[in-house]
Amino acid sequence: MKAFVVAGTHSGVGKTTLTLGLLAALQRRGYKVQGFKVGPDFIDPGHHTAITGTPSYNLDGWMLSRNYNYQRFACSLRGKDVGVVEGVMGLFDGYDGKTEAGSTAEMAKWLGLPVILVVDASAMARSVAALIHGFQSFDPNLQVAGVVFNRIGGPGHLQYLREALEGMPGVTILGGLPHNERIAIPERHLGLITQEEHSLTPERIAQLASFIEANLDLTQLLQISEVQGSRFKVQGSSSSDFGLWTLDFGHRPSVRFGVARDEAFCFYYPDNLELLEQAGAELVFFSPIHDSHLPPGLQGLYLGGGYPEVHAQQLAANTTIRQEITAFIEQGRVVYAECGGFMYLTEGIGDVQGTLFPMVGVYPTVVRMLPRLKALGYVEVEVEKATGPFSPGRARGHEFHYSELERQDFCGGPIETLYHVRKRPDDVPRPEGYLYKQCLAGYIHLHFGSNPEFAMALVSAARH
């Protein structure tokens, strides 16, 4: 089989554009392609999915165990021809500056995959040889097999770059990509515009494929991407029977779980949704922006992250569904909300200009948007109480937001905190996980693959 990792020398080098173009070009050639994303990002996998038509899964060396990543990769490649893994940040960047934890390099080594290094060559010529030599020799256990030069000035510039690498063994130059505004995806404060708002139409996908085919040697790429397929064989016929999920969920009546999914709420790890289903949830998707009512017969709600601040006016205008969610929570039904979903459950979202948009109002505080980043990074949560919809234990996740709570002292009385959060093992834990009745909300995006018991407990609480 064929599989490879698309890595960059640093963030913003063009990994996502190259990955999307490769997915489109390989699919055009008739290959069944599977996308992956290293790290906690939600947006890039959404664009992968728009091209391939199948979920793109996160691989993460810090949030998830080595075995979990291996099994996730192997299971997802069943029936596929090519695996394309988009890296995160620079090739060796990860959880900290001391180890390779959470880095693209760590994942490439775990899976035994060749690395295609993307280099921004816009202001370089012969110096590119020193740069690539450094990346190639920094870790002798890593296979940097190919190079793609991005933002080249033209054929003459590419020739200079080729000459600079003459005589350097083990690196295949796959080509150079000139600057092309037509295929760029707009950005905003949390990264690229999401697939829900910036749809990759068939025309745009075709443009991406043609751009890659015109500038890269795909035949060479596939040659250096051969890996031993038997390494990734997994017994069984589905993700629920080969050991990715080690818990015995049993056969119980399904629980109808409403999942908010639209332009405002679109940050979900596919694993989280699959684990909920395997725990017995029947997922029913709805839109807090466009739907007038909640779906009938729900026993639980999952409000994921996204961009409620961008769509605050529309969310505020939909008073009926806000009232129904309030009533659902007051009835003691199970609700789990993270980041954007948590913001939606407060009294309101205030934009940077000072305009306040009313939200559901369960938590007595207002969320204020900031012009600067408030929080970013991996976190571990520990649940010590058995009073909420999560079982006691630890799980890992990520936080990334530009907002803060206007009031920090709203806990007490009917609202308590369910878990503690640490960014580093020696940090003083901070309380979060705001529990009101059976509604649990907070800023953290948890990956249930780090502790599948959380998914089981959530569905079990909704069932009871």
# chains A, B, ... in the order shown; residues from 1 in each chain; ligands from 1
$ select_by_dssp --residues "segment 101-310 of chain A" --states "strand (DSSP E)" --output "tab-separated table (two decimals) with C-alpha atoms, in the first residue's frame"
chain	number	residue	atom	x	y	z
A	115	VAL	CA	7.88	12.23	5.20
A	116	ILE	CA	7.28	14.70	2.38
A	117	LEU	CA	8.77	17.99	3.57
A	118	VAL	CA	7.17	21.25	2.42
A	119	VAL	CA	9.63	24.15	2.20
A	120	ASP	CA	8.67	27.79	1.69
A	144	VAL	CA	12.53	12.51	5.06
A	145	ALA	CA	12.02	11.01	1.61
A	146	GLY	CA	10.73	13.85	-0.54
A	147	VAL	CA	10.66	17.64	-0.81
A	148	VAL	CA	8.09	20.01	-2.26
A	149	PHE	CA	9.11	23.64	-2.73
A	150	ASN	CA	6.24	26.07	-2.18
A	151	ARG	CA	5.84	29.66	-3.39
A	152	ILE	CA	8.57	29.42	-6.00
A	172	THR	CA	13.58	13.22	-3.95
A	173	ILE	CA	12.55	16.63	-5.27
A	174	LEU	CA	8.90	16.22	-6.24
A	175	GLY	CA	8.46	19.70	-7.73
A	176	GLY	CA	7.66	23.31	-6.94
A	177	LEU	CA	4.38	25.15	-6.44
A	178	PRO	CA	4.09	28.75	-7.65
A	187	GLU	CA	-8.53	32.51	7.32
A	188	ARG	CA	-9.78	34.05	10.57
A	191	GLY	CA	-7.44	29.28	11.50
A	192	LEU	CA	-8.88	28.54	8.08
A	255	VAL	CA	-30.33	6.58	23.37
A	256	ARG	CA	-31.31	9.49	21.11
A	257	PHE	CA	-28.55	12.08	21.33
A	258	GLY	CA	-29.02	15.41	19.62
A	259	VAL	CA	-25.79	16.78	18.13
A	260	ALA	CA	-25.65	20.47	17.16
A	265	PHE	CA	-21.08	24.23	15.81
A	266	CYS	CA	-18.81	22.08	13.68
A	267	PHE	CA	-15.84	21.04	15.84
A	281	ALA	CA	-26.24	6.57	21.19
A	282	GLU	CA	-28.38	7.20	18.15
A	283	LEU	CA	-27.02	10.53	16.90
A	284	VAL	CA	-29.57	13.01	15.58
A	285	PHE	CA	-28.09	16.17	14.04
A	286	PHE	CA	-29.79	19.55	14.27
A	300	GLY	CA	-29.20	13.82	25.54
A	301	LEU	CA	-27.53	16.77	23.80
A	302	TYR	CA	-23.97	17.31	22.57
A	303	LEU	CA	-23.07	20.93	21.78
A	305	GLY	CA	-17.26	23.84	19.49
A	306	GLY	CA	-17.12	26.13	16.52
$ atom_distance --atom1 "atom CA of Pro270 of chain A" --atom2 "atom CA of Glu324 of chain A"
26.6 Å
$ residues_around --residues "Arg463 of chain A" --least-positions-apart "2" --cutoff "8 Å" --atoms "only C-alpha atoms" --output "number ranges by chain"
A: 255, 299, 459-461
$ residues_around --residues "Arg322 of chain A" --least-positions-apart "5" --cutoff "10 Å" --atoms "only C-alpha atoms" --output "ChimeraX atom specification"
/A:288-289,292-294,315-317,327-328,344-345,358-361
$ write_last_selection --atoms "N, CA and C atoms" --output "short mmCIF file (atom, residue, chain, number, x, y, z; two decimals), in the first residue's frame"
data_model
loop_
_atom_site.label_atom_id
_atom_site.label_comp_id
_atom_site.auth_asym_id
_atom_site.auth_seq_id
_atom_site.Cartn_x
_atom_site.Cartn_y
_atom_site.Cartn_z
N PRO A 288 -28.85 24.74 15.69
CA PRO A 288 -29.35 25.83 16.53
C PRO A 288 -29.55 27.14 15.77
N ILE A 289 -28.99 27.25 14.58
CA ILE A 289 -29.21 28.44 13.75
C ILE A 289 -30.49 28.31 12.95
N SER A 292 -36.18 25.28 13.91
CA SER A 292 -37.09 25.97 14.84
C SER A 292 -37.26 25.21 16.15
N HIS A 293 -37.05 23.90 16.12
CA HIS A 293 -37.28 23.08 17.31
C HIS A 293 -36.19 22.01 17.41
N LEU A 294 -36.01 21.49 18.63
CA LEU A 294 -35.15 20.34 18.83
C LEU A 294 -35.80 19.11 18.19
N LEU A 315 -27.98 33.07 16.15
CA LEU A 315 -28.29 32.22 17.29
C LEU A 315 -29.22 32.93 18.27
N ALA A 316 -28.97 34.22 18.49
CA ALA A 316 -29.82 34.99 19.40
C ALA A 316 -31.23 35.11 18.87
N ALA A 317 -31.37 35.22 17.55
CA ALA A 317 -32.69 35.40 16.95
C ALA A 317 -33.56 34.15 17.04
N ALA A 327 -35.31 24.41 28.69
CA ALA A 327 -36.27 23.50 29.31
C ALA A 327 -35.70 22.09 29.40
N PHE A 328 -34.98 21.68 28.38
CA PHE A 328 -34.36 20.35 28.36
C PHE A 328 -33.40 20.20 29.53
N TYR A 344 -22.49 29.17 24.11
CA TYR A 344 -23.91 29.24 23.74
C TYR A 344 -24.82 29.09 24.95
N LEU A 345 -24.36 28.39 25.97
CA LEU A 345 -25.20 28.14 27.15
C LEU A 345 -25.11 29.25 28.20
N PRO A 358 -27.92 37.79 23.32
CA PRO A 358 -28.40 36.85 24.33
C PRO A 358 -28.33 35.41 23.83
N MET A 359 -27.95 34.51 24.74
CA MET A 359 -27.87 33.10 24.42
C MET A 359 -28.82 32.31 25.32
N VAL A 360 -28.53 31.05 25.60
CA VAL A 360 -29.46 30.18 26.32
C VAL A 360 -29.65 30.64 27.76
N GLY A 361 -28.58 31.03 28.46
CA GLY A 361 -28.72 31.62 29.78
C GLY A 361 -28.69 30.67 30.95
#
$ closest_atom_pairs --of "segment 357-411 of chain A" --to "segment 88-109 of chain A" --cutoff "12 Å" --atoms "only C-alpha atoms" --output "CSV"
residue,atom,partner,partner_atom,distance
A:Leu376,CA,A:Tyr95,CA,11.4
A:Gly377,CA,A:Tyr95,CA,8.1
A:Tyr378,CA,A:Tyr95,CA,7.3
A:Val379,CA,A:Tyr95,CA,10.2
A:His398,CA,A:Tyr95,CA,11.1
